[in-house]
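Here's start.cif, which has mmCIF, C-alpha atoms:
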data_coords
#
loop_
_atom_site.label_atom_id
_atom_site.label_comp_id
_atom_site.auth_asym_id
_atom_site.auth_seq_id
_atom_site.Cartn_x
_atom_site.Cartn_y
_atom_site.Cartn_z
CA MET A 1 108.65 115.86 99.50
CA SER A 2 104.93 115.61 100.18
CA ARG A 3 102.75 113.68 97.79
CA PRO A 4 101.28 115.99 95.06
CA ILE A 5 97.74 114.66 95.34
CA SER A 6 95.86 117.47 93.60
CA VAL A 7 98.20 117.70 90.59
CA VAL A 8 98.27 113.95 90.04
CA ALA A 9 94.50 113.69 90.35
CA LEU A 10 94.08 116.40 87.71
CA LEU A 11 96.36 114.61 85.28
CA PHE A 12 94.64 111.29 85.83
CA SER A 13 91.19 112.75 85.28
CA ASN A 14 92.13 113.47 81.65
CA THR A 15 93.28 109.97 80.75
CA LYS A 16 91.06 107.21 79.38
CA GLN A 17 93.35 104.32 80.26
CA THR A 18 91.33 101.56 81.88
CA LYS A 19 92.91 98.31 80.69
CA LYS A 20 95.06 96.22 82.96
CA PRO A 21 98.78 96.66 82.43
CA GLU A 22 100.95 93.75 81.47
CA LEU A 23 102.50 91.96 84.45
CA LEU A 24 106.18 91.48 83.60
CA ALA A 25 108.21 89.08 85.75
CA PRO A 26 111.91 88.21 86.00
CA ALA A 27 113.24 84.78 85.10
CA GLY A 28 116.82 84.01 86.05
CA GLY A 29 116.47 80.35 85.07
CA PHE A 30 113.96 77.69 84.07
CA GLU A 31 112.60 77.23 87.60
CA GLN A 32 111.87 80.94 87.98
CA LEU A 33 110.37 80.98 84.49
CA ARG A 34 108.04 78.12 85.34
CA TYR A 35 106.83 79.78 88.53
CA ALA A 36 106.39 83.19 86.90
CA LEU A 37 104.14 81.66 84.25
CA TYR A 38 102.27 79.44 86.72
CA PHE A 39 101.41 82.37 88.99
CA GLY A 40 100.12 84.60 86.22
CA ALA A 41 102.84 86.66 84.53
CA ASP A 42 101.78 88.07 81.16
CA ALA A 43 105.41 88.33 80.06
CA VAL A 44 108.87 87.47 81.34
CA TYR A 45 112.21 89.12 80.84
CA LEU A 46 115.41 87.11 80.88
CA ALA A 47 118.97 87.10 79.61
CA CYS A 48 121.29 84.79 77.78
CA ASP A 49 124.92 84.45 78.74
CA LYS A 50 126.01 87.64 76.95
CA PHE A 51 125.16 91.32 76.67
CA GLY A 52 122.91 91.57 79.75
CA LEU A 53 123.35 93.35 83.09
CA ARG A 54 122.87 90.41 85.48
CA GLN A 55 125.88 88.15 85.04
CA ARG A 56 125.35 86.78 88.57
CA ALA A 57 121.98 85.37 87.55
CA GLN A 58 121.76 81.77 86.37
CA ASN A 59 120.61 83.03 82.95
CA PHE A 60 119.91 80.95 79.86
CA SER A 61 122.20 79.67 77.15
CA LEU A 62 121.46 80.46 73.54
CA ALA A 63 120.58 76.79 73.10
CA ASP A 64 117.99 77.12 75.91
CA MET A 65 116.08 79.92 74.24
CA PRO A 66 113.76 77.94 71.91
CA ARG A 67 112.58 75.86 74.86
CA ALA A 68 112.15 78.90 77.13
CA VAL A 69 110.22 80.80 74.46
CA GLN A 70 108.02 77.79 73.75
CA MET A 71 107.20 77.43 77.47
CA ALA A 72 106.14 81.06 77.67
CA HIS A 73 104.19 81.09 74.42
CA ASP A 74 102.36 77.90 75.42
CA ALA A 75 101.25 79.77 78.56
CA GLY A 76 100.14 82.78 76.50
CA ALA A 77 103.05 84.93 77.70
CA LYS A 78 105.73 86.91 75.89
CA VAL A 79 109.52 86.77 76.25
CA TYR A 80 111.76 89.83 76.35
CA VAL A 81 115.54 89.37 76.26
CA THR A 82 117.79 91.88 77.99
CA LEU A 83 120.65 93.16 75.83
CA ASN A 84 121.12 96.29 77.91
CA ALA A 85 124.85 96.31 78.62
CA TYR A 86 126.92 99.20 77.28
CA LEU A 87 129.34 97.64 74.82
CA HIS A 88 132.78 98.45 73.46
CA ASP A 89 133.84 97.79 69.88
CA GLU A 90 135.48 94.49 70.78
CA ASP A 91 132.16 93.30 72.24
CA LEU A 92 130.20 93.79 69.02
CA SER A 93 131.66 91.10 66.77
CA ASP A 94 129.40 88.32 68.08
CA LEU A 95 126.27 90.45 68.35
CA PRO A 96 124.77 90.17 64.81
CA GLU A 97 124.80 86.36 64.88
CA TYR A 98 123.49 86.42 68.45
CA LEU A 99 120.58 88.69 67.50
CA ALA A 100 119.66 86.50 64.55
CA ALA A 101 119.66 83.37 66.75
CA LEU A 102 117.40 85.01 69.33
CA ALA A 103 115.04 86.14 66.60
CA ALA A 104 114.94 82.60 65.21
CA ALA A 105 114.04 81.32 68.69
CA GLY A 106 110.94 83.52 68.57
CA VAL A 107 111.63 86.09 71.29
CA ASP A 108 109.14 88.95 71.33
CA ALA A 109 111.38 91.91 72.17
CA PHE A 110 114.90 93.03 72.98
CA ILE A 111 115.53 95.37 75.92
CA VAL A 112 118.42 97.64 74.94
CA SER A 113 120.14 100.79 76.14
CA ASP A 114 123.15 101.16 73.83
CA LEU A 115 122.42 102.97 70.54
CA GLY A 116 124.86 100.70 68.74
CA VAL A 117 123.04 97.59 69.95
CA PHE A 118 119.74 99.24 69.00
CA ALA A 119 120.97 99.88 65.44
CA LEU A 120 122.33 96.35 65.00
CA ALA A 121 119.09 94.86 66.34
CA ARG A 122 117.08 96.78 63.76
CA GLU A 123 119.40 95.53 61.03
CA HIS A 124 119.79 91.88 61.99
CA ALA A 125 116.47 91.13 63.73
CA PRO A 126 113.95 93.60 62.27
CA GLN A 127 110.98 91.41 63.22
CA VAL A 128 111.72 91.71 66.96
CA ASP A 129 110.27 94.65 68.92
CA LEU A 130 112.68 97.01 70.65
CA HIS A 131 112.22 98.21 74.23
CA VAL A 132 114.46 100.93 75.63
CA SER A 133 115.94 99.87 78.97
CA THR A 134 115.73 101.93 82.14
CA GLN A 135 119.52 101.92 81.82
CA ALA A 136 119.11 104.47 78.99
CA SER A 137 117.73 106.88 81.61
CA VAL A 138 114.73 108.15 79.65
CA SER A 139 113.36 110.75 82.05
CA ASN A 140 111.51 113.21 79.78
CA VAL A 141 109.05 113.33 76.91
CA GLU A 142 111.56 114.48 74.28
CA ALA A 143 113.94 111.60 74.97
CA ALA A 144 111.05 109.16 74.64
CA ARG A 145 109.91 110.85 71.44
CA MET A 146 113.37 110.49 69.88
CA TRP A 147 113.66 106.81 70.78
CA HIS A 148 110.20 106.25 69.28
CA ARG A 149 111.28 107.93 66.04
CA LEU A 150 114.26 105.59 65.91
CA GLY A 151 111.93 102.60 66.10
CA ALA A 152 111.41 101.82 69.79
CA LYS A 153 108.02 100.36 70.65
CA ARG A 154 108.34 100.71 74.43
CA ILE A 155 110.16 102.89 76.94
CA VAL A 156 111.15 101.50 80.33
CA THR A 157 111.20 104.80 82.17
CA ALA A 158 114.03 105.92 84.41
CA ARG A 159 113.30 105.05 88.01
CA GLU A 160 113.78 108.75 88.86
CA MET A 161 110.57 109.77 87.04
CA SER A 162 107.59 110.75 89.16
CA LEU A 163 104.10 109.40 88.57
CA GLU A 164 103.06 112.85 87.39
CA GLU A 165 105.85 112.89 84.79
CA ILE A 166 104.97 109.38 83.60
CA ALA A 167 101.33 110.39 83.14
CA GLN A 168 102.44 113.44 81.16
CA LEU A 169 104.72 111.33 78.94
CA LYS A 170 101.91 108.89 78.16
CA ALA A 171 99.47 111.73 77.48
CA GLU A 172 101.83 113.33 74.95
CA LEU A 173 102.98 110.06 73.36
CA PRO A 174 99.97 107.72 73.46
CA ASP A 175 101.47 105.41 70.82
CA VAL A 176 104.55 104.69 72.93
CA GLU A 177 104.23 101.83 75.40
CA VAL A 178 105.36 102.77 78.91
CA GLU A 179 106.85 100.26 81.32
CA VAL A 180 107.76 100.99 84.94
CA PHE A 181 109.41 99.05 87.75
CA VAL A 182 107.02 98.47 90.66
CA GLN A 183 108.81 96.01 92.95
CA GLY A 184 112.34 95.19 94.05
CA ALA A 185 115.78 96.65 94.59
CA MET A 186 116.67 100.17 93.51
CA CYS A 187 120.12 101.48 92.63
CA MET A 188 121.58 104.56 94.32
CA ALA A 189 122.97 105.76 90.96
CA ILE A 190 120.98 107.42 88.18
CA SER A 191 119.07 104.54 86.54
CA GLY A 192 121.74 102.10 87.64
CA ARG A 193 124.59 103.68 85.68
CA CYS A 194 127.10 103.38 88.50
CA LEU A 195 130.91 103.41 88.36
CA ILE A 196 131.67 102.50 91.98
CA SER A 197 131.88 98.74 91.43
CA ASP A 198 134.20 99.19 88.46
CA TYR A 199 136.39 101.65 90.37
CA LEU A 200 136.71 99.53 93.53
CA THR A 201 136.81 96.02 92.08
CA GLY A 202 137.24 96.27 88.31
CA ARG A 203 133.78 94.75 87.79
CA SER A 204 131.60 97.09 85.76
CA ALA A 205 127.94 97.52 86.63
CA ASN A 206 127.32 98.71 83.08
CA GLN A 207 128.48 95.36 81.72
CA GLY A 208 126.52 93.23 84.16
CA ASN A 209 129.09 92.61 86.90
CA CYS A 210 128.07 94.92 89.76
CA VAL A 211 129.14 93.69 93.22
CA GLN A 212 126.87 96.27 94.93
CA PRO A 213 129.48 98.20 96.92
CA CYS A 214 126.72 100.69 97.74
CA ARG A 215 125.44 98.03 100.17
CA TRP A 216 128.74 97.75 102.02
CA SER A 217 129.38 99.40 105.38
CA TYR A 218 131.85 102.29 105.44
CA HIS A 219 133.95 104.13 108.05
CA LEU A 220 135.97 107.34 107.97
CA GLU A 221 139.75 107.29 108.35
CA GLU A 222 141.48 110.56 109.23
CA GLN A 223 144.71 111.10 107.25
CA THR A 224 146.99 111.62 110.27
CA ARG A 225 145.56 108.64 112.18
CA PRO A 226 145.79 105.66 109.81
CA GLY A 227 144.08 102.56 111.04
CA GLU A 228 141.77 104.46 113.39
CA LEU A 229 138.29 104.09 111.96
CA PHE A 230 135.31 106.27 112.81
CA PRO A 231 131.76 105.20 112.02
CA ILE A 232 129.88 108.02 110.33
CA GLU A 233 126.81 107.08 112.28
CA GLU A 234 126.96 105.24 115.58
CA ASP A 235 126.23 101.65 114.61
CA GLU A 236 128.10 98.51 115.48
CA ARG A 237 127.95 97.38 111.85
CA GLY A 238 129.18 100.66 110.35
CA THR A 239 127.12 103.11 108.33
CA TYR A 240 125.28 102.72 105.07
CA ILE A 241 125.47 106.08 103.31
CA MET A 242 124.41 104.88 99.85
CA ASN A 243 121.81 102.33 100.84
CA SER A 244 118.46 102.52 99.02
CA LYS A 245 115.23 100.95 100.17
CA ASP A 246 113.31 98.44 98.07
CA LEU A 247 110.45 99.52 95.83
CA ASN A 248 106.87 98.38 96.49
CA MET A 249 103.94 99.87 94.55
CA LEU A 250 101.36 97.14 95.16
CA ALA A 251 99.01 99.53 96.98
CA HIS A 252 99.17 102.07 94.13
CA LEU A 253 98.33 100.02 91.05
CA ASP A 254 95.12 101.98 90.41
CA GLU A 255 97.16 105.17 90.11
CA LEU A 256 99.64 103.53 87.74
CA ILE A 257 96.77 102.30 85.57
CA ALA A 258 95.18 105.75 85.58
CA ALA A 259 98.51 107.25 84.50
CA GLY A 260 98.43 105.04 81.40
CA VAL A 261 101.20 102.61 82.30
CA ASP A 262 101.23 99.67 79.87
CA SER A 263 103.49 97.27 81.75
CA ILE A 264 104.47 96.87 85.40
CA LYS A 265 107.82 95.23 86.00
CA ILE A 266 109.16 93.20 88.91
CA GLU A 267 112.90 93.40 89.57
CA GLY A 268 114.72 90.22 90.53
CA ARG A 269 116.54 88.12 87.93
CA VAL A 270 118.96 86.94 90.62
CA LYS A 271 116.11 85.98 92.96
CA LYS A 272 114.94 82.45 93.73
CA ALA A 273 111.69 80.87 92.59
CA PHE A 274 109.99 81.48 95.96
CA TYR A 275 110.48 85.23 95.55
CA VAL A 276 109.21 85.18 91.96
CA ALA A 277 106.14 83.11 92.83
CA THR A 278 105.17 85.22 95.84
CA VAL A 279 105.59 88.59 94.15
CA VAL A 280 103.98 87.62 90.84
CA ASN A 281 101.05 86.08 92.70
CA ALA A 282 100.50 89.19 94.84
CA TYR A 283 100.51 91.55 91.86
CA ARG A 284 98.35 89.20 89.79
CA GLN A 285 95.79 89.00 92.58
CA VAL A 286 95.58 92.78 93.02
CA LEU A 287 95.45 93.44 89.27
CA ASP A 288 92.52 91.02 89.14
CA GLY A 289 90.65 92.85 91.90
CA GLY A 290 92.19 91.55 95.12
CA ASP A 291 92.69 93.65 98.24
CA PRO A 292 96.12 95.35 98.22
CA ALA A 293 96.27 95.29 102.03
CA GLN A 294 95.71 91.54 102.14
CA TRP A 295 98.21 90.70 99.43
CA GLY A 296 100.67 93.31 100.61
CA SER A 297 101.25 91.22 103.69
CA GLU A 298 102.56 88.45 101.43
CA LEU A 299 105.33 90.77 100.27
CA GLU A 300 106.52 91.01 103.86
CA ARG A 301 107.29 87.29 103.80
CA ILE A 302 109.92 87.40 101.08
CA SER A 303 113.52 88.53 101.50
CA HIS A 304 113.54 92.33 101.20
CA ARG A 305 114.87 95.59 102.57
CA PRO A 306 112.50 98.20 104.02
CA TYR A 307 109.96 99.24 101.39
CA SER A 308 109.27 102.62 99.82
CA THR A 309 107.45 104.07 96.79
CA GLY A 310 110.70 105.19 95.19
CA PHE A 311 110.50 108.40 93.18
CA PHE A 312 106.84 108.05 92.19
CA TYR A 313 105.71 110.66 94.72
CA GLY A 314 108.88 112.69 95.09
CA ASP A 315 112.39 111.95 96.34
CA ALA A 316 113.19 108.34 97.16
CA GLN A 317 114.02 107.47 100.73
CA GLN A 318 117.50 106.39 101.74
CA SER A 319 117.98 103.72 104.38
CA PHE A 320 120.45 104.81 107.04
CA GLU A 321 120.25 101.47 108.79
CA ASP A 322 122.05 98.20 108.22
CA ASP A 323 121.75 96.28 105.00
CA ILE A 324 120.40 93.08 106.50
CA TYR A 325 117.52 91.65 104.49
CA VAL A 326 114.22 90.99 106.23
CA GLN A 327 112.88 87.49 105.65
CA LEU A 328 110.13 86.18 107.89
CA TYR A 329 109.24 82.98 106.04
CA ASP A 330 111.10 80.04 104.49
CA TRP A 331 110.12 78.07 101.43
CA VAL A 332 109.68 74.61 102.92
CA ALA A 333 108.24 72.55 100.08
CA GLU A 334 107.00 72.47 96.52
CA VAL A 335 103.85 70.53 95.69
CA VAL A 336 104.71 68.01 93.00
CA GLU A 337 101.43 66.15 92.77
CA SER A 338 98.07 66.02 94.52
CA ARG A 339 95.55 63.23 93.98
CA PRO A 340 92.53 61.71 95.74
CA ILE A 341 93.27 58.77 98.00
CA GLU A 342 92.09 55.44 96.64
CA ALA A 343 90.38 53.75 99.54
CA THR A 344 90.65 50.04 100.32
CA ALA A 345 87.50 47.96 100.53
CA MET A 346 87.50 48.19 104.35
CA GLU A 347 88.02 51.93 104.23
CA ASN A 348 85.18 52.26 101.74
CA ASP A 349 82.90 50.48 104.19
CA LEU A 350 83.90 52.86 106.98
CA ASP A 351 83.99 55.92 104.70
CA LEU A 352 87.30 56.91 106.31
CA THR A 353 89.00 58.42 103.29
CA GLN A 354 86.12 60.17 101.56
CA GLY A 355 87.29 63.58 100.35
CA MET A 356 90.88 62.99 101.43
CA TRP A 357 93.80 63.76 99.13
CA GLN A 358 97.38 62.62 98.99
CA THR A 359 99.91 65.36 98.34
CA ILE A 360 103.46 64.66 97.21
CA VAL A 361 105.92 67.44 97.97
CA TYR A 362 109.57 68.17 97.29
CA CYS A 363 111.08 69.45 100.55
CA ARG A 364 113.18 72.62 100.36
CA ASN A 365 113.60 73.34 104.08
CA ARG A 366 112.74 71.62 107.33
CA PHE A 367 109.35 71.82 108.95
CA TYR A 368 108.06 70.14 112.08
CA GLU A 369 105.01 68.71 113.76
CA GLY A 370 102.78 71.56 114.89
CA ASP A 371 104.07 74.10 112.35
CA THR A 372 101.52 76.16 110.45
CA LEU A 373 102.35 76.34 106.75
CA GLU A 374 100.98 78.72 104.14
CA LEU A 375 99.91 77.11 100.89
CA LEU A 376 100.45 79.54 98.02
CA SER A 377 98.41 78.73 94.92
CA PRO A 378 97.49 80.82 91.87
CA HIS A 379 93.96 82.22 91.54
CA ARG A 380 93.02 81.60 95.17
CA GLU A 381 93.63 82.95 98.64
CA VAL A 382 96.45 81.68 100.81
CA THR A 383 95.49 78.53 102.72
CA LEU A 384 96.83 77.73 106.20
CA VAL A 385 97.85 74.11 106.80
CA LEU A 386 98.61 72.69 110.25
CA VAL A 387 101.28 69.98 110.20
CA VAL A 388 100.00 66.94 112.13
CA GLY A 389 100.58 63.23 111.97
CA LEU A 390 104.13 63.34 110.63
CA GLU A 391 105.05 60.37 112.84
CA GLU A 392 102.52 58.30 110.89
CA VAL A 393 104.25 59.10 107.61
CA PHE A 394 107.91 59.60 108.53
CA PRO A 395 109.76 57.84 111.36
CA ALA A 396 111.42 60.25 113.77
CA VAL A 397 115.09 60.72 112.86
CA ASP A 398 117.54 62.79 114.89
CA ALA A 399 119.31 64.98 112.33
CA ARG A 400 121.92 66.17 114.83
CA ASP A 401 125.46 64.86 115.08
CA ASP A 402 127.18 63.70 118.27
CA GLU A 403 127.88 67.30 119.30
CA GLY A 404 124.25 68.30 118.96
CA LEU A 405 124.73 70.30 115.76
CA ASP A 406 122.34 70.09 112.84
CA ASN A 407 123.58 68.06 109.89
#
Could you render the structure as C-alpha cells?
Amino acid sequence: MSRPISVVALLFSNTKQTKKPELLAPAGGFEQLRYALYFGADAVYLACDKFGLRQRAQNFSLADMPRAVQMAHDAGAKVYVTLNAYLHDEDLSDLPEYLAALAAAGVDAFIVSDLGVFALAREHAPQVDLHVSTQASVSNVEAARMWHRLGAKRIVTAREMSLEEIAQLKAELPDVEVEVFVQGAMCMAISGRCLISDYLTGRSANQGNCVQPCRWSYHLEEQTRPGELFPIEEDERGTYIMNSKDLNMLAHLDELIAAGVDSIKIEGRVKKAFYVATVVNAYRQVLDGGDPAQWGSELERISHRPYSTGFFYGDAQQSFEDDIYVQLYDWVAEVVESRPIEATAMENDLDLTQGMWQTIVYCRNRFYEGDTLELLSPHREVTLVLVVGLEEVFPAVDARDDEGLDN
C-alpha cells in the first residue's frame, strides 16, 4: 500500500504535540539496564521471573527489583515491569503478593494485558500506574477509551495500527498516553498472540515461552509421497512463509512526535548490552536533534533482519528470504576506565605524554593490529580509533592449537 502522505499531513497539522516522547528501552538484566541508562533512556521496561512474556530473557528476581529501581531512579529514569502474560486460575495465587512486593520496590508502572491481572493490580498495588500491553491488541479508539475508563494511564498500541490511526486515537483521547514500538522484531501474529509455538512444541507464546517457529524453514510433503520434500520457493535453506522483517522508525521520529506519541519503545529484552547501547544511543541522538541518516547507519551494525516501517504506512512487508541475521560489527571491548597518563620526570622534560590518556578496557572479542574500531559514547559522535602499537603493550601470543584452529 502506498504511503498516505496527504491524509497523514492533514491529521498532523491539527495537533499541537511538540514535546519529545519518552525513550523506553528494554533491560533483560543488570548489564542491559546499565547501558540503557548510560546511553540516555528515559525509562526501561523489564520483567521478573514470573508473569512476563520473555522467559528466555535473563530477567530479574524479585529480590533484584529494589536495586534495579534505585539504579534507574538515580539516573532520572522510570521502571515499568511487564506482567503481560495471559494467566489461568492456577497462576493467580501468587500474584497479589507479587504485585505488593513490586510496588514496595518502587516500580513506576505495570504493563498488563489480562483483565484479571489488571483488576488485581488495581486492588493490591493501587499506587502503581497501569499500562495496557500491545498484547491486548488495542487497535481502535473505543478499545482505548474503555481501558482508560477502567484506570489505564497508557496504551501500548497494537503493532497493526497505522500512523494515521494512532494520530486519530491521540486526538480523540488526549489524556491517554500512547506508546508505540519503533525498533526491533515483529511477530507474524496479531499483536503477538500466536498459538503456533504452543501447538508444535507445547510452549505457549502467551505465557512467555515462544520458540519462534515462524522463523523456521518449511517444506511441503505430498500425502502419497511421504519423505519427499518440496521447497515452496526455490531456496537451498527452505522457505520462510511467516517471516517478518524488523521494525525501524528512526527516520520517522518527527512524524511520530507530530502524531502525539508519548513514548517510543525499543523491542529487545533478550538482546545483549551491545544491541541496547547502540539502539538507545541512535534514538537518543536523533531525538536530541541528530541526523537520522547518520545515526541510521549505526543500526546497520547490530544484529538484525531486513528493516521495514511495519504497519505505520500500510501493510507490513514479509521477508521471503532466509532468516539469517545481519551483523556487520562485533562488540570487541568495554571501556572500564580512562585517565590521563602520569608522566615520569624524564617524560615531563621531553613533553612526550602531554595530553595522552590511558584507557583500560574489558575485552569481549578479539581485535588486531591495524583494525579500525568505533568508539560509541553517549552525547557525542562515533569516534574512529586505529589499533596500533599492540606489540608494545601485549606480547604476541599464538592463540591457535597444534592443528591451526583458534582456541
**Message:** Give me the residues near Gln70 (chain A) as a list of chain:residue names, where near means some atom within 10 Å (using all atoms listed in the file) and where sequence neighbours in that chain fewer than 6 positions away do not count.
**Reply:**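 The filter keeps A:Gly76, A:Ala77, A:Lys78, A:Val79, A:Ala105, A:Gly106, A:Val107.
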**Fill in**
One residue among A:Pro21, A:Gly310, A:Pro378, A:Gly29 is nearest to Ser162 (chain A) when using only C-alpha atoms, and that residue is A:Gly310
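Among the candidate residues A:Asp175, A:Asp114, A:Glu160, A:Asp330, the one lying nearest to Phe274 (chain A) is A:Asp330, with distances computed using only C-alpha atoms.
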Tell me which protein, DNA and RNA residues are within 12 Å of Val279 (chain A), counting only C-alpha atoms, leaving out same-chain ones fewer than 5 positions away, and put them as a CSV table (one decimal) with C-alpha atoms, keeping the file's coordinate frame.
chain,number,residue,atom,x,y,z
A,23,LEU,CA,102.5,92.0,84.4
A,24,LEU,CA,106.2,91.5,83.6
A,25,ALA,CA,108.2,89.1,85.8
A,26,PRO,CA,111.9,88.2,86.0
A,32,GLN,CA,111.9,80.9,88.0
A,35,TYR,CA,106.8,79.8,88.5
A,36,ALA,CA,106.4,83.2,86.9
A,39,PHE,CA,101.4,82.4,89.0
A,40,GLY,CA,100.1,84.6,86.2
A,41,ALA,CA,102.8,86.7,84.5
A,182,VAL,CA,107.0,98.5,90.7
A,183,GLN,CA,108.8,96.0,93.0
A,184,GLY,CA,112.3,95.2,94.0
A,248,ASN,CA,106.9,98.4,96.5
A,249,MET,CA,103.9,99.9,94.6
A,250,LEU,CA,101.4,97.1,95.2
A,265,LYS,CA,107.8,95.2,86.0
A,266,ILE,CA,109.2,93.2,88.9
A,267,GLU,CA,112.9,93.4,89.6
A,268,GLY,CA,114.7,90.2,90.5
A,271,LYS,CA,116.1,86.0,93.0
A,272,LYS,CA,114.9,82.4,93.7
A,273,ALA,CA,111.7,80.9,92.6
A,274,PHE,CA,110.0,81.5,96.0
A,284,ARG,CA,98.4,89.2,89.8
A,285,GLN,CA,95.8,89.0,92.6
A,286,VAL,CA,95.6,92.8,93.0
A,295,TRP,CA,98.2,90.7,99.4
A,296,GLY,CA,100.7,93.3,100.6
A,297,SER,CA,101.2,91.2,103.7
A,298,GLU,CA,102.6,88.4,101.4
A,299,LEU,CA,105.3,90.8,100.3
A,300,GLU,CA,106.5,91.0,103.9
A,301,ARG,CA,107.3,87.3,103.8
A,302,ILE,CA,109.9,87.4,101.1
A,303,SER,CA,113.5,88.5,101.5
A,304,HIS,CA,113.5,92.3,101.2
A,376,LEU,CA,100.4,79.5,98.0
A,378,PRO,CA,97.5,80.8,91.9
**Asked** What lies within 8 Å of Ser139 (chain A) using only C-alpha atoms, ignoring chain neighbours under 4 positions off, as a ChimeraX atom specification?
**Response** /A:143-144,157-158,160-161
**Item:** Expected answer as a PyMOL selection string: all residues with atoms within 7 Å of (101.6, 69.3, 93.0), only C-alpha atoms
**Value:** chain A and resi 335-338+359-361
Result set, the PyMOL selection byres ((chain A and resi 384) around 8) on current file, as an mmCIF file with C-alpha atoms, in the frame of the given file:
data_model
loop_
_atom_site.group_PDB
_atom_site.id
_atom_site.type_symbol
_atom_site.label_atom_id
_atom_site.label_comp_id
_atom_site.auth_asym_id
_atom_site.auth_seq_id
_atom_site.Cartn_x
_atom_site.Cartn_y
_atom_site.Cartn_z
ATOM 1 C CA THR A 372 101.520 76.160 110.450
ATOM 2 C CA LEU A 373 102.350 76.340 106.750
ATOM 3 C CA GLU A 374 100.980 78.720 104.140
ATOM 4 C CA LEU A 375 99.910 77.110 100.890
ATOM 5 C CA VAL A 382 96.450 81.680 100.810
ATOM 6 C CA THR A 383 95.490 78.530 102.720
ATOM 7 C CA VAL A 385 97.850 74.110 106.800
ATOM 8 C CA LEU A 386 98.610 72.690 110.250
#
**Message:** Applying 6 Å and only C-alpha atoms, which residues near region 120-134 of chain A remain after dropping the ones on its own chain fewer than 5 positions away? List them as an MDAnalysis selection string.
**Reply:** chainID A and resid 96 100 103 108:113 152:158
**Fill in**
note - CA of Ala185 (chain A) and CA of Asn281 (chain A) are separated by 18.2 Å
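With only C-alpha atoms as the basis for measurement, A:Glu31 is the residue among A:Asp94, A:Glu22, A:Glu31, A:Glu222 that approaches Tyr275 (chain A) most closely.
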**Message:** Just the number, please: distance in Å from CA of Gly260 (chain A) to CA of Ala282 (chain A), one decimal.
**Reply:**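 Taking CA of Gly260 (chain A) as the start and CA of Ala282 (chain A) as the end point, the length is 20.9 Å.
The shortest atom-to-atom distance to Val69 (chain A), with only C-alpha atoms taken into account, belongs to A:Arg34 out of A:His88, A:Arg339, A:Arg34, A:Arg305.
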